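Structure, as structure tokens:
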Amino acid sequence: MSEQPLRRRASVKAAEVLKSSDNDDMDRDSSDSSDDFDAPKSSSAKKATKASHSKAEVSDSDDDVPLSARKQSKPTAANGNVPQNKRAANGSSRNSAANDDNGNDSETSDAPVTKKSKTAAEKKVDDENENGDNESDEDDDDVPLSKKKANGDVKAKKTPVGKKDTAAKRKLKVEESAVTPAKKRKTPAIKKSGTPVKNEKKGEDDDNDENADEEEEEEDQFAWWKDGALDTSEKWKTMEHQGPVFPPAYVPHGIKMKYNGAPIELEPDSEEVATFFAGIIGTDYEQNKTFCANFFRDFLTVLKKQKKTCPIKEFAKCDFTPIYQHLQEQKELRKAMTKEQKQKIKEEKLALEEKYGWALFDGRKEKVGNFRIEPPGLFRGRGDHPKTGTLKLRVMPEQVTINIGKEAKVPEPPAGHKWGSVVHDNTVAWLATWKENVNDNIKYVLMAATSSLKGQSDLKKFEKARELKKHIAKIRRDYTDGLKDKVMATRQLSTALYFIDRLALRAGNEKGEDEADTVGCCSLRFEHVTLEPPNKVIFDFLGKDSIRYYNEVAVDEQVFKNIKIFKREPKKEGDMLFDRLNTAILNKDLTKYMTGLSAKVFRTFNASYTFQKELNSTPADGTMQEKILAYNRANRQVAILCNHQRTVSKAHTAQMGKIQDKVRGYKYERSLIKKALLEVDPKLKKKRPELLEDESDVDDDFVQRYLTGLEEKEKDRVAKALEKENEKRKAEGKAPLKELEKKKSVPTPLESLSVEKLEKKLEDMGKRIETTKLQIIDKDENKTTALGTSKINYIDPRISIAWCKKYDVDLEKIFNRSLREKFHWASHLDDDWEF
DNA sequence: GTGGAGACTTGGAAGAATATTA
DNA sequence: TAATATTCTTCCAAGTCTCCAC
């Protein structure tokens with residue numbers, strides 16, 4: 001895979017965390033063999049894995065009995081083998097036309113799915129042959145989805161042209177019908193919901209009154225989780241807010257950029273755009289050709305609107321560094337601000353939050369999330385986004401729709417402006433919305449994570465995942481059987497589900513031409529999956545946010561066979577792996593097991609389930625640190641499972657080097673202790689031969705460096721102490737000293753210590769080395785793994801809270817304040833609660 | 001039945017705030 | 001106390017999935 005933009009690094013995901021899906025408690029009936037999911041083999045794969053491995057059924061393929069229940073209405077096409085959304089092997093073509101492999105239009109491409117469905121049901125995949133290859137052709141009656149799509153633009157999912165303003169219509173409809181009931185309600189006393197429930201230890205001493213207030217506040221909190229009424233589509237009866245905050249108007253700085261070496265005077269609008277570009281200098285975007293091209297195209301458009309003609313024609317001749325330097329200076333000035341100045345800014349920010357940061361939901365004060373309208377700038381699309389660098393225009397109030405209770409006062413738009421429209425829709429969660437110009441995406445002002453609205457959807461999400469637990473055994477049985485189904489569509493669905501369940505892959509919706517080429521399970525293409533006999537599947541693709549997913553997994557024999565079939569000629573690079581499947585089909589199929597079940601629920605379920613299981617290895621008698629380490633390790637397993645990566649920090653290598661040097665320093669110190677021990681008690685030479693061994697990776701060079709370093713540090717320390725002393729003397733009117741009178745007490749030479757003391761020192765140093773080594777491992781393992789995302793989105797917080805209760809750990813050790821507020825609803829549970 | 005708009009969740013990066021170390 | 005490291009917060013891009021108009 002070629003180098004990716006944005007410093008996204010490939011990292012290897014440990015699949016084996018996907019522990020056995022078969023647990024007694026899960027009633028999984030497969031005869032698992034623990035090798036089904038091998039650890040990924042990669043030089044960089046250092047992720048700890050201690051999985052109990054999942055086993056898949058390895059029933060003999062000859063007994064393959066179709067699951068009648070599952071194939072009633074599998075949508076497949078009439079014939080042909082044209083893959084859906086075929087993309088050219090060179091990666092550049094994402095051909096939207098439903099063409100066959102020769103590029104001809106498919107004659108049957110517009111056949112209705114129902115028809116295709118029936119046809120497909122008749123078409124069978126041949127039984128597996130004796131070699132177990134099961135590569136019998138499916139007669140190709142079982143037609144890829146692409147065939148079913150109309151000739152022409154199948155691909156372009158998001159077609160900006162001709163988009164209809166259904167939203168406007170919908171809103172209008174809402175305004176007429178779904179409006180707050182006219183019936184007058186007595187407005188309840190204002191209570192805060194989602195108000196910070198502070199129980200931090202720090203600050204405890206200094207404001208007891210505040211704590212008392214908080215306790216009272218907590219008691220007052222809207223305990224929606226006790227109501228059990230989570231199914232209502234009506235989100236509020238009355239709702240008030242102050243509207244969004246618009247970014248301040250641009251203030252020109254007058255710094256001239258250069259063109260062809262000469263300073264250029266720009267009008268404010270152009271200067272603003274030039275300043276946007278200067279702001280990305282030094283980042284990877286500066287080197288991104290698409291980013292620069294898109295920026296420059298839009299820059300030229302803005303320049304053309306200038307009153308004075310501007311000579312700028314070529315990007316290569318533009319020099320934005322004067323503006324960049326100005327920005328740097330501004331940054332320095334901000335850094336150098338006095339405490340008072342900083343305080344003033346903080347207060348202004350707080351005042352703004354106080355005014356706009358809250359909304360009243362049925363009289364309760366709740367926190368708003370992003371109440372600021374996004375400022376103009378350059379679109380920072382990730383990966384190879386074709387629109388990255390495009391100018392994101394300033395949003396005007398006329399583009400903004402306000403959603404508010406019918407009886408509430410509509411917030412005032414900025415002076416001289418009016419709102420695009422005002423609606424009163426209590427079935428949606430947003431307070432304001434607008435459409436951005438780059439991708440035509442709709443943006444929303446939503447409530448904060450701590451709000452009851454978000455809390456309720458979180459609880460619903462986790463309850464849904466818990467409900468999946470009741471159905472997972474049957475689902476797994478079904479898809480395991482389906483792997484051998486005679487209908488190609490069913491096989492693909494089962495195989496995809498196998499991956500979604502076992503590997504926590506995302507569903508993989510179709511994407512448009514004007515988006516980065518990233519994929520999920522259903523949208524995997526030929527080149528994203530390779531096979532390595534006897535049973536290894538290698539995944540290598542760019543997933544969400546253009547993060548690389550690389551995984552080598554030993555799979556069920558039948559899954560291996562299936563992939564071989566799905567990749568069979570004439571399929572080639574650019575073709576869909578699952579050409580009879582998409583997310584709609586997959587999710588529709590899943591609803592037969594459980595209302596509301598979709599592919600993403602598997603991610604939540606498996607993350608939470610894995611986490612709870614991993615936590616079982618918490619040492620009950622361990623120290624607090626050991627317990628927390630166990631918690632973080634469980635968290636890491638989930639993060640690895642979900643492929644949550646982060647960019648390695650620039651300072652990482654240097655930081656690692658420092659800690660490694662620290663270990664080497666300790667080792668050197670240990671060698672001195674050993675030496676002293678042998679001198680004090682020479683008999684130990686025979687009794688303890690290990691004392692004669694050299695310390696690893698402590699060579700002469702290092703020792704020299706280490707000692708010099710110590711010397712310099714000591715000099716530095718003495719100099720500082722002298723300086724301090726002289727300042728003190730100066731204040732007292734005394735003459736300064738040339739050197740410190742008091743000499744630091746010389747430490748007792750090791751050789752004069754007793755054997756017992758030396759042994760103790762040796763032991764302590766050994767412990768210190770081990771602890772620091774663990775730190776290194778921990779740091780390195782976390783180098784590319786981001787733990788936060790899974791903690792915030794995938795792991796049921798009740799598992800963590802129950803764990804804290806069980807192991808007597810303070811919640812604040814594992815949840816920061818934001819998380820405690822976000823998951824306040826979860827803190828009320830029985831001691832024996834389980835996911 | 002289907003495509004696409006709309007609504008919402010998920011996700012990493014950057015910057016700010018805070019803690020730790022020298 | 002300053003420098004450095006870590007944690008937290010904010011921002012907004014990029015997913016998933018439902019529902020409605022055609």
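We name chains A, B, ... following the order of the structure tokens; residues begin at 1 in each chain, and ligands are numbered from 1 as shown.
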Using only C-alpha atoms (C1' of nucleotides), determine which residues lie at most 10 Å from region 4-17 of chain C, disregarding the query and same-chain residues fewer than 6 positions distant; provide the list as a compact mmCIF listing (two decimals) with N, CA, C and O atoms (P, O5', C5', C4', C3', O3' and C1' of nucleotides), in the first residue's frame.
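After the write, around.txt holds the following:
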```
# COMPACT_ATOMS: atom_id res chain seq x y z
N GLY A 369 -24.10 21.08 22.80
CA GLY A 369 -22.76 20.64 22.38
C GLY A 369 -22.04 21.69 21.57
O GLY A 369 -21.39 22.58 22.10
N ASN A 370 -22.19 21.62 20.26
CA ASN A 370 -21.47 22.52 19.35
C ASN A 370 -22.33 23.71 18.99
O ASN A 370 -22.90 23.76 17.92
N GLU A 374 -19.69 26.47 12.26
CA GLU A 374 -18.31 26.22 11.84
C GLU A 374 -17.76 27.40 11.05
O GLU A 374 -18.44 27.91 10.16
N PHE A 379 -11.30 22.97 3.62
CA PHE A 379 -11.80 21.65 3.99
C PHE A 379 -10.63 20.68 4.15
O PHE A 379 -9.86 20.47 3.21
N ARG A 380 -10.53 20.11 5.31
CA ARG A 380 -9.42 19.19 5.58
C ARG A 380 -9.88 17.75 5.44
O ARG A 380 -10.00 17.02 6.43
N GLY A 381 -10.16 17.38 4.23
CA GLY A 381 -10.60 16.01 3.96
C GLY A 381 -9.45 15.05 4.25
O GLY A 381 -8.29 15.39 4.04
N ARG A 382 -9.78 13.88 4.74
CA ARG A 382 -8.73 12.93 5.12
C ARG A 382 -8.44 11.95 4.01
O ARG A 382 -9.29 11.67 3.18
N LYS A 443 -25.11 19.94 8.42
CA LYS A 443 -24.47 20.07 9.73
C LYS A 443 -25.55 20.42 10.75
O LYS A 443 -26.55 21.05 10.41
N ARG A 506 -16.62 -2.78 9.92
CA ARG A 506 -17.79 -1.91 9.74
C ARG A 506 -18.60 -2.43 8.55
O ARG A 506 -18.08 -3.17 7.71
N ALA A 507 -19.84 -1.95 8.46
CA ALA A 507 -20.73 -2.47 7.42
C ALA A 507 -20.18 -2.21 6.02
O ALA A 507 -20.13 -3.12 5.19
N GLY A 508 -19.76 -0.99 5.76
CA GLY A 508 -19.20 -0.67 4.44
C GLY A 508 -20.23 -0.24 3.43
O GLY A 508 -20.50 -0.94 2.45
N ASN A 509 -20.78 0.95 3.65
CA ASN A 509 -21.72 1.51 2.67
C ASN A 509 -21.01 1.88 1.39
O ASN A 509 -19.79 2.05 1.37
N GLU A 515 -15.58 11.20 -2.90
CA GLU A 515 -15.15 10.93 -1.54
C GLU A 515 -13.87 10.10 -1.59
O GLU A 515 -13.55 9.52 -2.62
N ALA A 516 -13.19 10.02 -0.45
CA ALA A 516 -11.98 9.19 -0.41
C ALA A 516 -12.37 7.73 -0.63
O ALA A 516 -13.46 7.31 -0.26
N GLY A 520 -15.55 -0.76 3.75
CA GLY A 520 -15.88 -1.56 4.92
C GLY A 520 -16.20 -2.96 4.41
O GLY A 520 -15.91 -3.28 3.24
N GLY A 543 -9.86 1.85 5.76
CA GLY A 543 -11.21 1.94 6.33
C GLY A 543 -11.56 3.38 6.66
O GLY A 543 -10.98 4.32 6.09
N LYS A 544 -12.49 3.54 7.57
CA LYS A 544 -12.94 4.87 7.95
C LYS A 544 -11.75 5.78 8.25
O LYS A 544 -10.78 5.36 8.86
N ASP A 545 -11.88 7.03 7.80
CA ASP A 545 -10.83 8.03 8.00
C ASP A 545 -9.52 7.66 7.30
O ASP A 545 -8.45 8.14 7.68
N SER A 546 -9.63 6.76 6.33
CA SER A 546 -8.44 6.31 5.58
C SER A 546 -7.40 5.66 6.48
O SER A 546 -6.19 5.73 6.23
N THR A 583 -25.06 -3.12 2.19
CA THR A 583 -25.44 -2.95 3.60
C THR A 583 -26.94 -3.02 3.80
O THR A 583 -27.41 -3.48 4.86
N ALA A 584 -27.68 -2.58 2.81
CA ALA A 584 -29.15 -2.61 2.96
C ALA A 584 -29.63 -4.06 3.06
O ALA A 584 -30.45 -4.40 3.91
N ASN A 587 -28.41 -5.54 6.45
CA ASN A 587 -29.17 -5.07 7.62
C ASN A 587 -30.61 -5.54 7.60
O ASN A 587 -31.20 -5.82 8.64
N GLY A 596 -34.40 -3.72 14.94
CA GLY A 596 -33.35 -2.71 15.09
C GLY A 596 -31.94 -3.24 15.00
O GLY A 596 -30.98 -2.49 15.17
N SER A 598 -28.61 -4.13 13.36
CA SER A 598 -27.86 -3.77 12.15
C SER A 598 -26.39 -4.13 12.40
O SER A 598 -26.01 -4.49 13.51
N ALA A 599 -25.60 -3.98 11.35
CA ALA A 599 -24.21 -4.44 11.43
C ALA A 599 -23.44 -3.76 12.56
O ALA A 599 -22.61 -4.39 13.22
N LYS A 600 -23.71 -2.48 12.78
CA LYS A 600 -22.91 -1.78 13.78
C LYS A 600 -23.15 -2.29 15.21
O LYS A 600 -22.29 -2.12 16.08
N ALA A 651 7.19 13.17 19.02
CA ALA A 651 8.18 13.07 20.10
C ALA A 651 8.35 11.63 20.59
O ALA A 651 9.16 11.38 21.47
N GLN A 655 11.06 10.22 23.22
CA GLN A 655 10.58 9.87 24.56
C GLN A 655 10.96 8.44 24.93
O GLN A 655 11.39 8.15 26.05
N ASN A 816 -12.61 9.92 33.34
CA ASN A 816 -12.36 11.31 33.67
C ASN A 816 -13.70 12.00 33.89
O ASN A 816 -14.76 11.40 33.74
N ARG A 817 -13.63 13.26 34.21
CA ARG A 817 -14.86 13.95 34.59
C ARG A 817 -15.90 13.93 33.47
O ARG A 817 -17.09 13.69 33.71
N SER A 818 -15.44 14.15 32.26
CA SER A 818 -16.39 14.15 31.14
C SER A 818 -17.11 12.81 31.02
O SER A 818 -18.31 12.76 30.78
P DA B 7 -33.18 16.18 9.30
O5' DA B 7 -32.51 15.04 10.17
C5' DA B 7 -33.27 13.89 10.49
C4' DA B 7 -32.44 12.98 11.37
C3' DA B 7 -31.71 13.69 12.51
O3' DA B 7 -31.89 12.90 13.67
C1' DA B 7 -30.18 12.42 11.26
P DC B 8 -31.77 13.51 15.10
O5' DC B 8 -30.47 12.81 15.69
C5' DC B 8 -30.49 11.39 15.79
C4' DC B 8 -29.13 10.83 15.45
C3' DC B 8 -27.99 11.22 16.39
O3' DC B 8 -27.86 10.19 17.38
C1' DC B 8 -27.33 10.86 14.12
P DT B 9 -26.73 10.16 18.45
O5' DT B 9 -25.64 9.19 17.83
C5' DT B 9 -26.01 7.89 17.40
C4' DT B 9 -24.79 7.19 16.82
C3' DT B 9 -23.61 7.03 17.77
O3' DT B 9 -23.08 5.73 17.48
C1' DT B 9 -22.90 8.24 15.87
P DT B 10 -21.91 5.09 18.32
O5' DT B 10 -20.61 5.45 17.47
C5' DT B 10 -20.48 4.88 16.18
C4' DT B 10 -19.23 5.40 15.52
C3' DT B 10 -17.94 5.26 16.33
O3' DT B 10 -17.02 4.72 15.41
C1' DT B 10 -18.13 7.44 15.51
P DG B 11 -15.67 4.12 15.77
O5' DG B 11 -14.70 5.34 15.50
C5' DG B 11 -14.25 5.59 14.18
C4' DG B 11 -13.41 6.83 14.18
C3' DG B 11 -12.36 6.87 15.28
O3' DG B 11 -11.15 6.42 14.68
C1' DG B 11 -13.42 8.99 14.96
P DG B 12 -9.83 6.33 15.53
O5' DG B 12 -9.08 7.65 15.08
C5' DG B 12 -8.86 7.88 13.70
C4' DG B 12 -8.34 9.28 13.52
C3' DG B 12 -7.07 9.59 14.31
O3' DG B 12 -6.21 10.30 13.42
C1' DG B 12 -8.75 11.14 14.89
P DA B 13 -4.79 10.81 13.86
O5' DA B 13 -5.05 12.38 13.95
C5' DA B 13 -5.66 13.04 12.84
C4' DA B 13 -5.66 14.52 13.10
C3' DA B 13 -4.36 15.06 13.71
O3' DA B 13 -4.09 16.29 13.06
C1' DA B 13 -6.19 15.49 15.18
P DA B 14 -2.78 17.11 13.42
O5' DA B 14 -3.38 18.27 14.32
C5' DA B 14 -4.54 18.97 13.88
C4' DA B 14 -4.91 19.98 14.93
C3' DA B 14 -3.71 20.68 15.59
O3' DA B 14 -4.01 22.06 15.64
C1' DA B 14 -5.05 19.64 17.25
P DG B 15 -2.95 23.11 16.18
O5' DG B 15 -3.62 23.57 17.54
C5' DG B 15 -5.01 23.85 17.57
C4' DG B 15 -5.44 23.98 19.00
C3' DG B 15 -4.46 24.77 19.87
O3' DG B 15 -5.25 25.68 20.64
C1' DG B 15 -4.88 22.65 20.83
P DA B 16 -4.63 26.63 21.73
O5' DA B 16 -5.25 25.99 23.06
C5' DA B 16 -6.66 25.74 23.11
C4' DA B 16 -7.00 25.25 24.50
C3' DA B 16 -6.33 26.02 25.63
O3' DA B 16 -7.31 26.19 26.65
C1' DA B 16 -5.67 23.72 25.71
P DA B 17 -6.96 26.79 28.06
O5' DA B 17 -6.72 25.49 28.94
C5' DA B 17 -7.76 24.53 29.06
C4' DA B 17 -7.34 23.47 30.03
C3' DA B 17 -6.75 24.00 31.34
O3' DA B 17 -7.40 23.30 32.38
C1' DA B 17 -5.23 22.47 30.31
P DT B 18 -7.02 23.48 33.89
O5' DT B 18 -6.01 22.27 34.13
C5' DT B 18 -6.47 20.94 33.91
C4' DT B 18 -5.33 20.00 34.16
C3' DT B 18 -4.62 20.20 35.50
O3' DT B 18 -4.72 18.98 36.19
C1' DT B 18 -3.06 19.97 33.74
P DA B 19 -4.01 18.71 37.57
O5' DA B 19 -2.75 17.85 37.09
C5' DA B 19 -2.99 16.65 36.36
C4' DA B 19 -1.67 15.93 36.16
C3' DA B 19 -0.84 15.79 37.43
O3' DA B 19 -0.36 14.45 37.43
C1' DA B 19 0.41 16.93 35.77
P DT B 20 0.63 13.91 38.51
O5' DT B 20 2.02 14.05 37.76
C5' DT B 20 2.22 13.35 36.52
C4' DT B 20 3.64 13.59 36.07
C3' DT B 20 4.70 13.31 37.13
O3' DT B 20 5.62 12.41 36.54
C1' DT B 20 5.04 15.44 36.15
P DT B 21 6.86 11.88 37.32
O5' DT B 21 7.98 12.81 36.71
C5' DT B 21 8.14 12.86 35.29
C4' DT B 21 9.27 13.82 34.95
C3' DT B 21 10.54 13.61 35.78
O3' DT B 21 11.61 13.56 34.85
C1' DT B 21 9.87 15.88 35.86
P DA B 22 13.04 13.19 35.29
O5' DA B 22 13.76 14.59 35.13
C5' DA B 22 13.57 15.33 33.93
C4' DA B 22 14.33 16.64 34.05
C3' DA B 22 15.66 16.54 34.79
O3' DA B 22 16.61 17.33 34.10
C1' DA B 22 14.26 18.09 35.90
```
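The residue set within 10 Å of DC19 (chain C), counting only C-alpha atoms (C1' of nucleotides) and dropping same-chain residues fewer than 2 places from it, reads DA5 and DG6 of chain B; DC17 and DA21 of chain C.
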Quick one: write out the picked residues with N, CA, C and O atoms (P, O5', C5', C4', C3', O3' and C1' of nucleotides) as a compact mmCIF listing (two decimals), in the first residue's frame?
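File produced: out_5.txt:
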```
# COMPACT_ATOMS: atom_id res chain seq x y z
P DA B 5 -29.56 13.59 -2.44
O5' DA B 5 -30.40 14.19 -1.22
C5' DA B 5 -31.82 14.21 -1.31
C4' DA B 5 -32.39 14.22 0.08
C3' DA B 5 -31.69 15.19 1.03
O3' DA B 5 -32.73 15.86 1.73
C1' DA B 5 -31.63 13.00 1.94
P DG B 6 -32.38 17.00 2.75
O5' DG B 6 -32.38 16.20 4.13
C5' DG B 6 -33.55 15.47 4.49
C4' DG B 6 -33.27 14.71 5.76
C3' DG B 6 -32.61 15.53 6.86
O3' DG B 6 -33.47 15.43 7.97
C1' DG B 6 -31.48 13.46 6.56
P DC C 17 -25.14 0.01 10.28
O5' DC C 17 -26.49 0.82 10.18
C5' DC C 17 -26.91 1.58 11.30
C4' DC C 17 -28.14 2.38 10.93
C3' DC C 17 -29.16 1.59 10.10
O3' DC C 17 -30.43 1.90 10.64
C1' DC C 17 -28.69 3.62 9.06
P DA C 21 -42.31 12.22 1.71
O5' DA C 21 -41.86 12.49 0.20
C5' DA C 21 -40.58 13.08 -0.06
C4' DA C 21 -40.12 12.69 -1.45
C3' DA C 21 -41.20 12.76 -2.51
O3' DA C 21 -40.59 13.28 -3.69
C1' DA C 21 -40.39 10.54 -2.38
```
**Among the residues A:Gln341, A:Asn535, A:Ser608, A:Ser649, the one that comes closest to chain C [using only C-alpha atoms (C1' of nucleotides)]** = A:Ser649
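By only C-alpha atoms (C1' of nucleotides), and with residues fewer than 3 positions from region 245-256 of chain A along its chain excluded, the set lying at most 6 Å from it is Pro263, Ile264, Glu265, Pro268, Ile323, Arg372, Ile373 and Pro375 of chain A.
Taking only C-alpha atoms (C1' of nucleotides), the non-local environment of region 670-678 of chain A within 6 Å (same-chain residues fewer than 2 positions away omitted) comprises Lys667, Tyr668, Val680, Asp681, Pro682, Leu691, Leu750 and Glu751 of chain A.
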Keeping only N, CA, C and O atoms, write those residues as a PDB file, in the first residue's frame.
```pdb
ATOM      1  N   LYS A 667      20.517  -0.014  35.035  1.00  0.00           N
ATOM      2  CA  LYS A 667      21.299  -1.244  34.890  1.00  0.00           C
ATOM      3  C   LYS A 667      22.759  -0.991  35.268  1.00  0.00           C
ATOM      4  O   LYS A 667      23.417  -1.836  35.885  1.00  0.00           O
ATOM      5  N   TYR A 668      23.249   0.185  34.886  1.00  0.00           N
ATOM      6  CA  TYR A 668      24.622   0.532  35.234  1.00  0.00           C
ATOM      7  C   TYR A 668      24.760   0.604  36.763  1.00  0.00           C
ATOM      8  O   TYR A 668      25.702   0.054  37.340  1.00  0.00           O
ATOM      9  N   VAL A 680      32.446  -7.119  48.840  1.00  0.00           N
ATOM     10  CA  VAL A 680      32.166  -7.281  50.269  1.00  0.00           C
ATOM     11  C   VAL A 680      32.138  -8.762  50.648  1.00  0.00           C
ATOM     12  O   VAL A 680      32.597  -9.159  51.716  1.00  0.00           O
ATOM     13  N   ASP A 681      31.579  -9.564  49.755  1.00  0.00           N
ATOM     14  CA  ASP A 681      31.500 -10.998  50.053  1.00  0.00           C
ATOM     15  C   ASP A 681      31.952 -11.821  48.844  1.00  0.00           C
ATOM     16  O   ASP A 681      31.147 -12.280  48.039  1.00  0.00           O
ATOM     17  N   PRO A 682      33.262 -12.025  48.703  1.00  0.00           N
ATOM     18  CA  PRO A 682      33.800 -12.704  47.512  1.00  0.00           C
ATOM     19  C   PRO A 682      33.277 -14.123  47.323  1.00  0.00           C
ATOM     20  O   PRO A 682      33.294 -14.640  46.202  1.00  0.00           O
ATOM     21  N   LEU A 691      25.922 -12.775  39.397  1.00  0.00           N
ATOM     22  CA  LEU A 691      26.438 -11.463  39.769  1.00  0.00           C
ATOM     23  C   LEU A 691      27.648 -11.065  38.908  1.00  0.00           C
ATOM     24  O   LEU A 691      28.005  -9.890  38.839  1.00  0.00           O
ATOM     25  N   LEU A 750      29.318   2.308  48.186  1.00  0.00           N
ATOM     26  CA  LEU A 750      28.625   1.026  48.196  1.00  0.00           C
ATOM     27  C   LEU A 750      29.412  -0.059  48.930  1.00  0.00           C
ATOM     28  O   LEU A 750      28.862  -0.886  49.646  1.00  0.00           O
ATOM     29  N   GLU A 751      30.728   0.028  48.725  1.00  0.00           N
ATOM     30  CA  GLU A 751      31.583  -1.023  49.283  1.00  0.00           C
ATOM     31  C   GLU A 751      31.548  -1.067  50.809  1.00  0.00           C
ATOM     32  O   GLU A 751      31.919  -2.070  51.425  1.00  0.00           O
TER      33      GLU A 751
END
```
**Message:** I want to know what sits within 7 Å of Phe371 (chain A), based on only C-alpha atoms (C1' of nucleotides), with residues of the same chain fewer than 5 positions away left out; could you give that as a ChimeraX atom specification?
**Reply:** /A:244-245,356-357,445
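Atom pair CA of Glu271 (chain A) / CA of Met396 (chain A) has a distance of 19.5 Å (rounded to one decimal).
Near Leu303 (chain A), within a cut-off of 9 Å and counting only C-alpha atoms (C1' of nucleotides), sit the residues Leu266, Glu267, Asp269, Ser270, Asp298, Phe299, Leu300, Gln306, Lys307, Lys308, Thr309, Cys310 and Ile312 of chain A, with same-chain residues fewer than 3 positions away left out.
CA of Thr530 (chain A) is positioned 11.9 Å from CA of Ala554 (chain A).
Residue nearest chain B within the list A:Glu348, A:Asp810, A:Glu467, A:Asp440: A:Asp440 [criterion: smallest interatomic distance, only C-alpha atoms (C1' of nucleotides)].
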